[in-house]
$ cat run21.cif   # mmCIF, C-alpha atoms
data_upload
loop_
_atom_site.group_PDB
_atom_site.id
_atom_site.type_symbol
_atom_site.label_atom_id
_atom_site.label_comp_id
_atom_site.auth_asym_id
_atom_site.auth_seq_id
_atom_site.Cartn_x
_atom_site.Cartn_y
_atom_site.Cartn_z
ATOM 1 C CA MET A 43 0.000 0.000 0.000
ATOM 2 C CA LYS A 44 2.837 2.425 0.854
ATOM 3 C CA PHE A 45 4.498 1.588 -2.463
ATOM 4 C CA ARG A 46 1.307 2.469 -4.382
ATOM 5 C CA ALA A 47 1.049 5.787 -2.492
ATOM 6 C CA PHE A 48 4.708 6.474 -3.267
ATOM 7 C CA ILE A 49 4.192 5.762 -6.986
ATOM 8 C CA THR A 50 1.099 8.009 -7.015
ATOM 9 C CA LEU A 51 3.093 10.798 -5.331
ATOM 10 C CA ILE A 52 5.892 10.447 -7.902
ATOM 11 C CA GLY A 53 3.260 10.608 -10.670
ATOM 12 C CA PHE A 54 1.855 13.867 -9.277
ATOM 13 C CA ILE A 55 5.333 15.377 -8.954
ATOM 14 C CA PHE A 56 6.176 14.379 -12.537
ATOM 15 C CA ALA A 57 2.860 15.776 -13.838
ATOM 16 C CA GLY A 58 3.496 18.987 -11.896
ATOM 17 C CA SER A 59 6.937 19.378 -13.402
ATOM 18 C CA LEU A 60 5.499 18.880 -16.892
ATOM 19 C CA TYR A 61 2.895 21.552 -16.157
ATOM 20 C CA ALA A 62 5.601 23.916 -14.927
ATOM 21 C CA GLN A 63 7.610 23.342 -18.115
ATOM 22 C CA ASP A 64 4.478 24.161 -20.079
ATOM 23 C CA GLN A 65 4.396 27.644 -18.508
ATOM 24 C CA PRO A 66 7.033 29.608 -20.447
ATOM 25 C CA ALA A 67 9.107 32.148 -18.548
ATOM 26 C CA PRO A 68 9.448 35.576 -20.179
ATOM 27 C CA VAL A 69 12.933 36.806 -21.060
ATOM 28 C CA ALA A 70 14.116 40.354 -21.657
ATOM 29 C CA LEU A 71 15.117 40.968 -25.264
ATOM 30 C CA PRO A 72 16.594 44.219 -26.593
ATOM 31 C CA VAL A 73 14.122 44.708 -29.453
ATOM 32 C CA PRO A 74 14.993 47.972 -31.248
ATOM 33 C CA ASP A 75 12.397 50.527 -32.326
ATOM 34 C CA ILE A 76 13.219 49.957 -35.997
ATOM 35 C CA GLU A 77 11.412 51.618 -38.891
ATOM 36 C CA VAL A 78 9.447 49.157 -41.013
ATOM 37 C CA VAL A 79 6.640 49.441 -43.559
ATOM 38 C CA ASN A 80 3.180 47.946 -43.056
ATOM 39 C CA GLN A 81 0.693 46.433 -45.507
ATOM 40 C CA ASN A 82 -0.822 49.885 -46.089
ATOM 41 C CA GLY A 83 2.535 51.336 -47.184
ATOM 42 C CA ARG A 84 2.922 53.374 -43.982
ATOM 43 C CA HIS A 85 6.401 53.700 -42.492
ATOM 44 C CA VAL A 86 6.097 52.927 -38.788
ATOM 45 C CA ARG A 87 8.377 52.169 -35.848
ATOM 46 C CA PHE A 88 8.114 48.654 -34.430
ATOM 47 C CA ASN A 89 7.864 49.368 -30.681
ATOM 48 C CA SER A 90 6.471 52.881 -30.477
ATOM 49 C CA GLN A 91 3.922 52.721 -33.312
ATOM 50 C CA VAL A 92 3.086 49.049 -33.874
ATOM 51 C CA VAL A 93 3.430 47.396 -30.465
ATOM 52 C CA GLU A 94 2.626 50.592 -28.511
ATOM 53 C CA GLY A 95 2.986 48.907 -25.106
ATOM 54 C CA ARG A 96 0.475 46.180 -25.955
ATOM 55 C CA ILE A 97 1.241 42.473 -25.900
ATOM 56 C CA ALA A 98 2.487 41.445 -29.339
ATOM 57 C CA ILE A 99 2.230 38.016 -30.937
ATOM 58 C CA VAL A 100 5.015 38.066 -33.532
ATOM 59 C CA THR A 101 5.830 35.595 -36.296
ATOM 60 C CA GLY A 102 7.916 35.515 -39.454
ATOM 61 C CA PHE A 103 6.309 34.886 -42.848
ATOM 62 C CA PHE A 104 6.670 35.509 -46.554
ATOM 63 C CA THR A 105 3.915 35.905 -49.103
ATOM 64 C CA ASN A 106 5.162 33.144 -51.447
ATOM 65 C CA CYS A 107 5.294 30.586 -48.636
ATOM 66 C CA SER A 108 3.125 27.555 -49.232
ATOM 67 C CA SER A 109 4.117 25.382 -46.271
ATOM 68 C CA MET A 110 4.224 26.806 -42.712
ATOM 69 C CA CYS A 111 2.998 30.358 -43.335
ATOM 70 C CA PRO A 112 -0.586 29.508 -44.300
ATOM 71 C CA PHE A 113 -0.848 27.191 -41.291
ATOM 72 C CA THR A 114 0.553 29.822 -38.911
ATOM 73 C CA GLN A 115 -1.553 32.639 -40.359
ATOM 74 C CA GLU A 116 -4.677 30.473 -40.095
ATOM 75 C CA LYS A 117 -3.778 29.683 -36.479
ATOM 76 C CA LEU A 118 -3.326 33.401 -35.784
ATOM 77 C CA ALA A 119 -6.694 34.110 -37.436
ATOM 78 C CA GLN A 120 -8.226 31.731 -34.884
ATOM 79 C CA VAL A 121 -6.353 33.517 -32.076
ATOM 80 C CA ALA A 122 -7.673 36.859 -33.396
ATOM 81 C CA LYS A 123 -11.248 35.536 -33.157
ATOM 82 C CA LEU A 124 -10.655 34.250 -29.623
ATOM 83 C CA LEU A 125 -9.219 37.610 -28.531
ATOM 84 C CA GLY A 126 -12.261 39.422 -29.910
ATOM 85 C CA PRO A 127 -12.333 43.090 -28.866
ATOM 86 C CA ARG A 128 -9.008 42.752 -27.017
ATOM 87 C CA LEU A 129 -7.236 42.468 -30.403
ATOM 88 C CA GLY A 130 -5.889 45.890 -31.223
ATOM 89 C CA LYS A 131 -6.666 47.198 -27.729
ATOM 90 C CA ASP A 132 -4.542 44.991 -25.420
ATOM 91 C CA VAL A 133 -2.958 42.550 -27.876
ATOM 92 C CA VAL A 134 -1.622 42.917 -31.422
ATOM 93 C CA ILE A 135 -0.604 40.297 -33.956
ATOM 94 C CA ILE A 136 2.451 41.151 -36.053
ATOM 95 C CA SER A 137 3.713 39.126 -39.012
ATOM 96 C CA VAL A 138 7.230 40.203 -40.079
ATOM 97 C CA SER A 139 8.392 39.306 -43.589
ATOM 98 C CA VAL A 140 11.521 37.186 -43.899
ATOM 99 C CA ASP A 141 11.585 38.210 -47.593
ATOM 100 C CA PRO A 142 11.434 42.020 -47.537
ATOM 101 C CA GLU A 143 12.758 42.417 -51.078
ATOM 102 C CA ASN A 144 9.657 40.729 -52.505
ATOM 103 C CA ASP A 145 7.022 41.405 -49.855
ATOM 104 C CA THR A 146 5.828 44.842 -50.881
ATOM 105 C CA PRO A 147 2.889 46.530 -49.163
ATOM 106 C CA ALA A 148 0.615 45.489 -52.063
ATOM 107 C CA ARG A 149 1.664 41.823 -51.817
ATOM 108 C CA MET A 150 1.283 41.880 -48.035
ATOM 109 C CA LYS A 151 -2.165 43.453 -48.356
ATOM 110 C CA ASP A 152 -3.244 40.689 -50.784
ATOM 111 C CA TRP A 153 -1.798 38.055 -48.429
ATOM 112 C CA GLY A 154 -3.637 39.624 -45.494
ATOM 113 C CA GLU A 155 -6.954 39.552 -47.335
ATOM 114 C CA LYS A 156 -6.555 35.781 -47.812
ATOM 115 C CA PHE A 157 -6.482 35.390 -44.026
ATOM 116 C CA HIS A 158 -9.070 38.071 -43.217
ATOM 117 C CA ILE A 159 -6.564 40.214 -41.381
ATOM 118 C CA GLY A 160 -8.302 43.101 -39.687
ATOM 119 C CA PRO A 161 -7.536 45.855 -37.194
ATOM 120 C CA GLY A 162 -4.986 44.817 -34.601
ATOM 121 C CA TRP A 163 -3.021 42.618 -37.021
ATOM 122 C CA THR A 164 -0.122 44.193 -38.892
ATOM 123 C CA LEU A 165 2.070 42.776 -41.647
ATOM 124 C CA LEU A 166 5.550 44.307 -41.779
ATOM 125 C CA SER A 167 8.383 44.455 -44.294
ATOM 126 C CA GLY A 168 10.916 47.118 -45.267
ATOM 127 C CA ASN A 169 14.642 47.593 -45.681
ATOM 128 C CA ARG A 170 16.428 44.199 -45.568
ATOM 129 C CA THR A 171 19.007 45.320 -42.989
ATOM 130 C CA GLN A 172 16.363 46.809 -40.685
ATOM 131 C CA VAL A 173 14.042 43.813 -40.969
ATOM 132 C CA ASP A 174 16.914 41.368 -40.373
ATOM 133 C CA THR A 175 17.949 43.323 -37.264
ATOM 134 C CA LEU A 176 14.368 43.163 -35.975
ATOM 135 C CA LEU A 177 14.062 39.420 -36.670
ATOM 136 C CA LYS A 178 17.448 38.745 -35.036
ATOM 137 C CA SER A 179 16.469 40.672 -31.912
ATOM 138 C CA LEU A 180 13.348 38.505 -31.606
ATOM 139 C CA GLY A 181 15.195 35.255 -32.332
ATOM 140 C CA LEU A 182 13.207 34.748 -35.562
ATOM 141 C CA PHE A 183 15.946 35.409 -38.130
ATOM 142 C CA VAL A 184 16.837 32.797 -40.770
ATOM 143 C CA GLU A 185 19.352 32.922 -43.629
ATOM 144 C CA LEU A 186 17.043 31.109 -46.068
ATOM 145 C CA ARG A 187 13.431 32.238 -46.043
ATOM 146 C CA GLN A 188 12.205 28.708 -46.805
ATOM 147 C CA ARG A 189 13.619 27.648 -43.460
ATOM 148 C CA HIS A 190 11.857 30.257 -41.401
ATOM 149 C CA GLN A 191 10.831 29.129 -37.970
ATOM 150 C CA SER A 192 7.502 27.817 -36.791
ATOM 151 C CA ALA A 193 7.924 29.895 -33.664
ATOM 152 C CA LEU A 194 6.046 32.829 -32.224
ATOM 153 C CA MET A 195 7.311 35.459 -29.824
ATOM 154 C CA ILE A 196 4.733 36.839 -27.414
ATOM 155 C CA GLY A 197 5.282 39.856 -25.162
ATOM 156 C CA ASN A 198 6.744 43.349 -25.203
ATOM 157 C CA ALA A 199 9.619 45.303 -23.652
ATOM 158 C CA ALA A 200 7.865 45.667 -20.279
ATOM 159 C CA THR A 201 6.683 42.076 -19.802
ATOM 160 C CA GLY A 202 9.514 40.295 -21.585
ATOM 161 C CA TRP A 203 9.150 37.859 -24.444
ATOM 162 C CA VAL A 204 8.080 34.222 -24.501
ATOM 163 C CA ARG A 205 9.040 31.885 -27.345
ATOM 164 C CA ILE A 206 6.322 29.375 -28.187
ATOM 165 C CA SER A 207 5.610 27.012 -31.065
ATOM 166 C CA SER A 208 3.066 27.969 -33.708
ATOM 167 C CA TRP A 209 1.777 24.397 -33.272
ATOM 168 C CA THR A 210 0.438 25.450 -29.859
ATOM 169 C CA PRO A 211 -3.379 25.311 -29.739
ATOM 170 C CA SER A 212 -5.061 28.653 -30.532
ATOM 171 C CA GLU A 213 -6.820 28.706 -27.162
ATOM 172 C CA LYS A 214 -3.510 28.421 -25.332
ATOM 173 C CA LEU A 215 -1.909 31.185 -27.426
ATOM 174 C CA ALA A 216 -4.842 33.521 -26.766
ATOM 175 C CA LYS A 217 -4.770 32.681 -23.033
ATOM 176 C CA LEU A 218 -1.026 33.351 -22.815
ATOM 177 C CA ALA A 219 -1.439 36.739 -24.531
ATOM 178 C CA GLU A 220 -4.358 37.619 -22.235
ATOM 179 C CA THR A 221 -2.408 36.536 -19.134
ATOM 180 C CA MET A 222 0.622 38.588 -20.144
ATOM 181 C CA SER A 223 -1.623 41.555 -20.932
ATOM 182 C CA SER A 224 -3.218 41.335 -17.484
ATOM 183 C CA ALA A 225 0.243 41.176 -15.893
ATOM 184 C CA ARG A 226 1.524 44.366 -17.555
ATOM 185 C CA PRO A 227 1.452 46.522 -14.385
ATOM 186 C CA ALA A 228 3.833 44.063 -12.701
ATOM 187 C CA ALA A 229 6.081 44.578 -15.712
ATOM 188 C CA ASN A 230 9.499 43.187 -14.930
ATOM 189 C CA ALA A 231 8.636 41.045 -11.914
ATOM 190 C CA GLY A 232 9.481 37.580 -13.259
ATOM 191 C CA LEU A 233 11.747 38.656 -16.098
ATOM 192 C CA HIS A 234 14.887 36.647 -16.889
ATOM 193 C CA ARG A 235 17.673 38.801 -18.364
ATOM 194 C CA GLN A 236 19.633 37.444 -21.319
#

$ encode --input "run21.cif" --output "structure tokens"
Amino acid sequence: MKFRAFITLIGFIFAGSLYAQDQPAPVALPVPDIEVVNQNGRHVRFNSQVVEGRIAIVTGFFTNCSSMCPFTQEKLAQVAKLLGPRLGKDVVIISVSVDPENDTPARMKDWGEKFHIGPGWTLLSGNRTQVDTLLKSLGLFVELRQRHQSALMIGNAATGWVRISSWTPSEKLAKLAETMSSARPAANAGLHRQ
């Protein structure tokens, strides 16, 4: 009987550690306030004009992608629906092109219409050097666009950033963004510096 209780206790401890690993810890990242261009052709600054202190869900994409990008954008469209009126107010979705030479505002706008992108969701491109610097700062940079990551970064400068897979269920992504948004006043409390 004691052995069974011991095994049950070990099971609970193991399950608890798996749960804890499932709760990503935010890290501080020096994300610069770089100038980029959005799908409407407007030149904007990443932090001060796109993120604007809100929680950002950021991914890389390119408009000619036929593998991961459509899946990720569809997943983010589901997240946008789950966020409802919080999208654009407390949380923003940002897709940053890994192919800025080809992803013009017109191409991004067409791409966005395929996924019913609305207010609160911004597609960004721009000068290759600037965009690469932005992607590197977020840990989303790749040399070959076809090998771009299936990762999302969620957060902002005040809360820190969490890296999470785009395979994560939409409900969990929306919940993480909402939780981080609610935690904004306690900004740097649990932040790990890199």

$ closest_residue --input "run21.cif" --among "A:Ile76, A:Ser212, A:Ala67, A:Thr101" --to "A:Ser192" --atoms "all atoms listed in the file"
A:Thr101

$ closest_residue --input "run21.cif" --among "A:Met150, A:Ile135, A:Leu166, A:Leu180" --to "A:Arg96" --atoms "all atoms listed in the file"
A:Ile135

$ resolve_selection --input "run21.cif" --expression "the PyMOL selection byres ((chain A and resi 142-149) around 9)" --output "number ranges by chain"
A: 79-84, 104-106, 138-141, 150-154, 165-170, 173

$ resolve_selection --input "run21.cif" --expression "the PyMOL selection byres ((chain A and resi 116) around 12)" --output "ChimeraX atom specification"
/A:109-115,117-123,153-159,208-209,211-212

$ atom_distance --input "run21.cif" --atom1 "atom CA of A:Val134" --atom2 "atom CA of A:Glu185"
26.2 Å

$ atom_distance --input "run21.cif" --atom1 "atom CA of A:Gly202" --atom2 "atom CA of A:Glu220"
14.1 Å

$ atom_distance --input "run21.cif" --atom1 "atom CA of A:Ile136" --atom2 "atom CA of A:Trp163"
5.7 Å

$ residues_near_point --input "run21.cif" --point "(-4.0, 47.1, -35.3)" --cutoff "9 Å" --atoms "all atoms listed in the file" --output "CSV table (one decimal) with C-alpha atoms, keeping the file's coordinate frame"
chain,number,residue,atom,x,y,z
A,92,VAL,CA,3.1,49.0,-33.9
A,93,VAL,CA,3.4,47.4,-30.5
A,129,LEU,CA,-7.2,42.5,-30.4
A,130,GLY,CA,-5.9,45.9,-31.2
A,131,LYS,CA,-6.7,47.2,-27.7
A,133,VAL,CA,-3.0,42.6,-27.9
A,134,VAL,CA,-1.6,42.9,-31.4
A,135,ILE,CA,-0.6,40.3,-34.0
A,136,ILE,CA,2.5,41.2,-36.1
A,160,GLY,CA,-8.3,43.1,-39.7
A,161,PRO,CA,-7.5,45.9,-37.2
A,162,GLY,CA,-5.0,44.8,-34.6
A,163,TRP,CA,-3.0,42.6,-37.0
A,164,THR,CA,-0.1,44.2,-38.9

$ resolve_selection --input "run21.cif" --expression "the PyMOL selection byres ((chain A and resi 193) around 8)" --output "list in words"
Thr101, Leu182, Gln191, Ser192, Leu194, Met195, Arg205, Ile206, Ser207 and Ser208 of chain A

$ residues_near_point --input "run21.cif" --point "(19.6, 47.7, -38.4)" --cutoff "12 Å" --atoms "all atoms listed in the file" --output "list in words"
Val73, Pro74, Asp75, Ile76, Glu77, Val78, Gly168, Asn169, Arg170, Thr171, Gln172, Val173, Asp174, Thr175, Leu176, Leu177, Lys178 and Ser179 of chain A

$ write_last_selection --input "run21.cif" --atoms "C-alpha atoms" --output "compact mmCIF listing (two decimals), in the coordinates of the input"
# COMPACT_ATOMS: atom_id res chain seq x y z
CA VAL A 73 14.12 44.71 -29.45
CA PRO A 74 14.99 47.97 -31.25
CA ASP A 75 12.40 50.53 -32.33
CA ILE A 76 13.22 49.96 -36.00
CA GLU A 77 11.41 51.62 -38.89
CA VAL A 78 9.45 49.16 -41.01
CA GLY A 168 10.92 47.12 -45.27
CA ASN A 169 14.64 47.59 -45.68
CA ARG A 170 16.43 44.20 -45.57
CA THR A 171 19.01 45.32 -42.99
CA GLN A 172 16.36 46.81 -40.68
CA VAL A 173 14.04 43.81 -40.97
CA ASP A 174 16.91 41.37 -40.37
CA THR A 175 17.95 43.32 -37.26
CA LEU A 176 14.37 43.16 -35.98
CA LEU A 177 14.06 39.42 -36.67
CA LYS A 178 17.45 38.74 -35.04
CA SER A 179 16.47 40.67 -31.91

$ closest_residue --input "run21.cif" --among "A:Ser137, A:Lys217, A:Gly102, A:Ser90" --to "A:Leu124" --atoms "only C-alpha atoms"
A:Lys217

$ closest_residue --input "run21.cif" --among "A:Ala219, A:Leu125, A:Val86, A:Ala200" --to "A:Ala98" --atoms "all atoms listed in the file"
A:Ala219

$ build_atoms --input "run21.cif" --residues "stretch 87-119 of chain A" --atoms "N, CA and C atoms" --output "short mmCIF file (atom, residue, chain, number, x, y, z; two decimals), keeping the file's coordinate frame"
data_model
loop_
_atom_site.label_atom_id
_atom_site.label_comp_id
_atom_site.auth_asym_id
_atom_site.auth_seq_id
_atom_site.Cartn_x
_atom_site.Cartn_y
_atom_site.Cartn_z
N ARG A 87 7.34 52.70 -36.73
CA ARG A 87 8.38 52.17 -35.85
C ARG A 87 7.80 50.98 -35.08
N PHE A 88 8.60 49.91 -34.99
CA PHE A 88 8.11 48.65 -34.43
C PHE A 88 7.54 48.80 -33.02
N ASN A 89 8.33 49.30 -32.07
CA ASN A 89 7.86 49.37 -30.68
C ASN A 89 6.89 50.51 -30.43
N SER A 90 7.26 51.70 -30.85
CA SER A 90 6.47 52.88 -30.48
C SER A 90 5.19 53.07 -31.29
N GLN A 91 5.12 52.50 -32.50
CA GLN A 91 3.92 52.72 -33.31
C GLN A 91 3.15 51.45 -33.66
N VAL A 92 3.80 50.29 -33.56
CA VAL A 92 3.09 49.05 -33.87
C VAL A 92 2.72 48.32 -32.58
N VAL A 93 3.72 48.07 -31.74
CA VAL A 93 3.43 47.40 -30.46
C VAL A 93 2.72 48.35 -29.51
N GLU A 94 3.23 49.55 -29.37
CA GLU A 94 2.63 50.59 -28.51
C GLU A 94 2.29 50.11 -27.10
N GLY A 95 3.19 49.33 -26.48
CA GLY A 95 2.99 48.91 -25.11
C GLY A 95 2.01 47.75 -24.94
N ARG A 96 1.41 47.31 -26.04
CA ARG A 96 0.48 46.18 -25.96
C ARG A 96 1.27 44.87 -26.04
N ILE A 97 0.62 43.77 -25.72
CA ILE A 97 1.24 42.47 -25.90
C ILE A 97 1.22 42.16 -27.39
N ALA A 98 2.37 41.76 -27.92
CA ALA A 98 2.49 41.44 -29.34
C ALA A 98 2.69 39.94 -29.52
N ILE A 99 2.00 39.40 -30.49
CA ILE A 99 2.23 38.02 -30.94
C ILE A 99 2.92 38.17 -32.28
N VAL A 100 4.21 37.80 -32.35
CA VAL A 100 5.01 38.07 -33.53
C VAL A 100 5.46 36.76 -34.19
N THR A 101 5.36 36.73 -35.51
CA THR A 101 5.83 35.60 -36.30
C THR A 101 6.51 36.09 -37.56
N GLY A 102 7.33 35.23 -38.15
CA GLY A 102 7.92 35.52 -39.45
C GLY A 102 7.05 34.87 -40.53
N PHE A 103 7.07 35.44 -41.73
CA PHE A 103 6.31 34.89 -42.85
C PHE A 103 6.89 35.42 -44.14
N PHE A 104 6.45 34.87 -45.25
CA PHE A 104 6.67 35.51 -46.55
C PHE A 104 5.51 35.13 -47.46
N THR A 105 5.16 36.04 -48.34
CA THR A 105 3.92 35.90 -49.10
C THR A 105 3.92 34.76 -50.11
N ASN A 106 5.10 34.28 -50.52
CA ASN A 106 5.16 33.14 -51.45
C ASN A 106 5.22 31.80 -50.73
N CYS A 107 5.19 31.81 -49.42
CA CYS A 107 5.29 30.59 -48.64
C CYS A 107 4.04 29.73 -48.84
N SER A 108 4.26 28.46 -49.06
CA SER A 108 3.12 27.56 -49.23
C SER A 108 3.14 26.41 -48.22
N SER A 109 4.06 26.47 -47.25
CA SER A 109 4.12 25.38 -46.27
C SER A 109 3.66 25.86 -44.90
N MET A 110 4.55 26.41 -44.09
CA MET A 110 4.22 26.81 -42.71
C MET A 110 3.40 28.09 -42.61
N CYS A 111 3.66 29.06 -43.47
CA CYS A 111 3.00 30.36 -43.34
C CYS A 111 1.47 30.27 -43.35
N PRO A 112 0.88 29.58 -44.32
CA PRO A 112 -0.59 29.51 -44.30
C PRO A 112 -1.12 28.87 -43.02
N PHE A 113 -0.44 27.83 -42.54
CA PHE A 113 -0.85 27.19 -41.29
C PHE A 113 -0.77 28.18 -40.13
N THR A 114 0.37 28.87 -40.01
CA THR A 114 0.55 29.82 -38.91
C THR A 114 -0.43 30.98 -39.00
N GLN A 115 -0.63 31.51 -40.21
CA GLN A 115 -1.55 32.64 -40.36
C GLN A 115 -2.99 32.20 -40.04
N GLU A 116 -3.35 30.99 -40.42
CA GLU A 116 -4.68 30.47 -40.10
C GLU A 116 -4.83 30.32 -38.58
N LYS A 117 -3.79 29.82 -37.95
CA LYS A 117 -3.78 29.68 -36.48
C LYS A 117 -3.94 31.05 -35.83
N LEU A 118 -3.22 32.06 -36.34
CA LEU A 118 -3.33 33.40 -35.78
C LEU A 118 -4.70 34.02 -36.06
N ALA A 119 -5.32 33.65 -37.17
CA ALA A 119 -6.69 34.11 -37.44
C ALA A 119 -7.64 33.55 -36.38
#
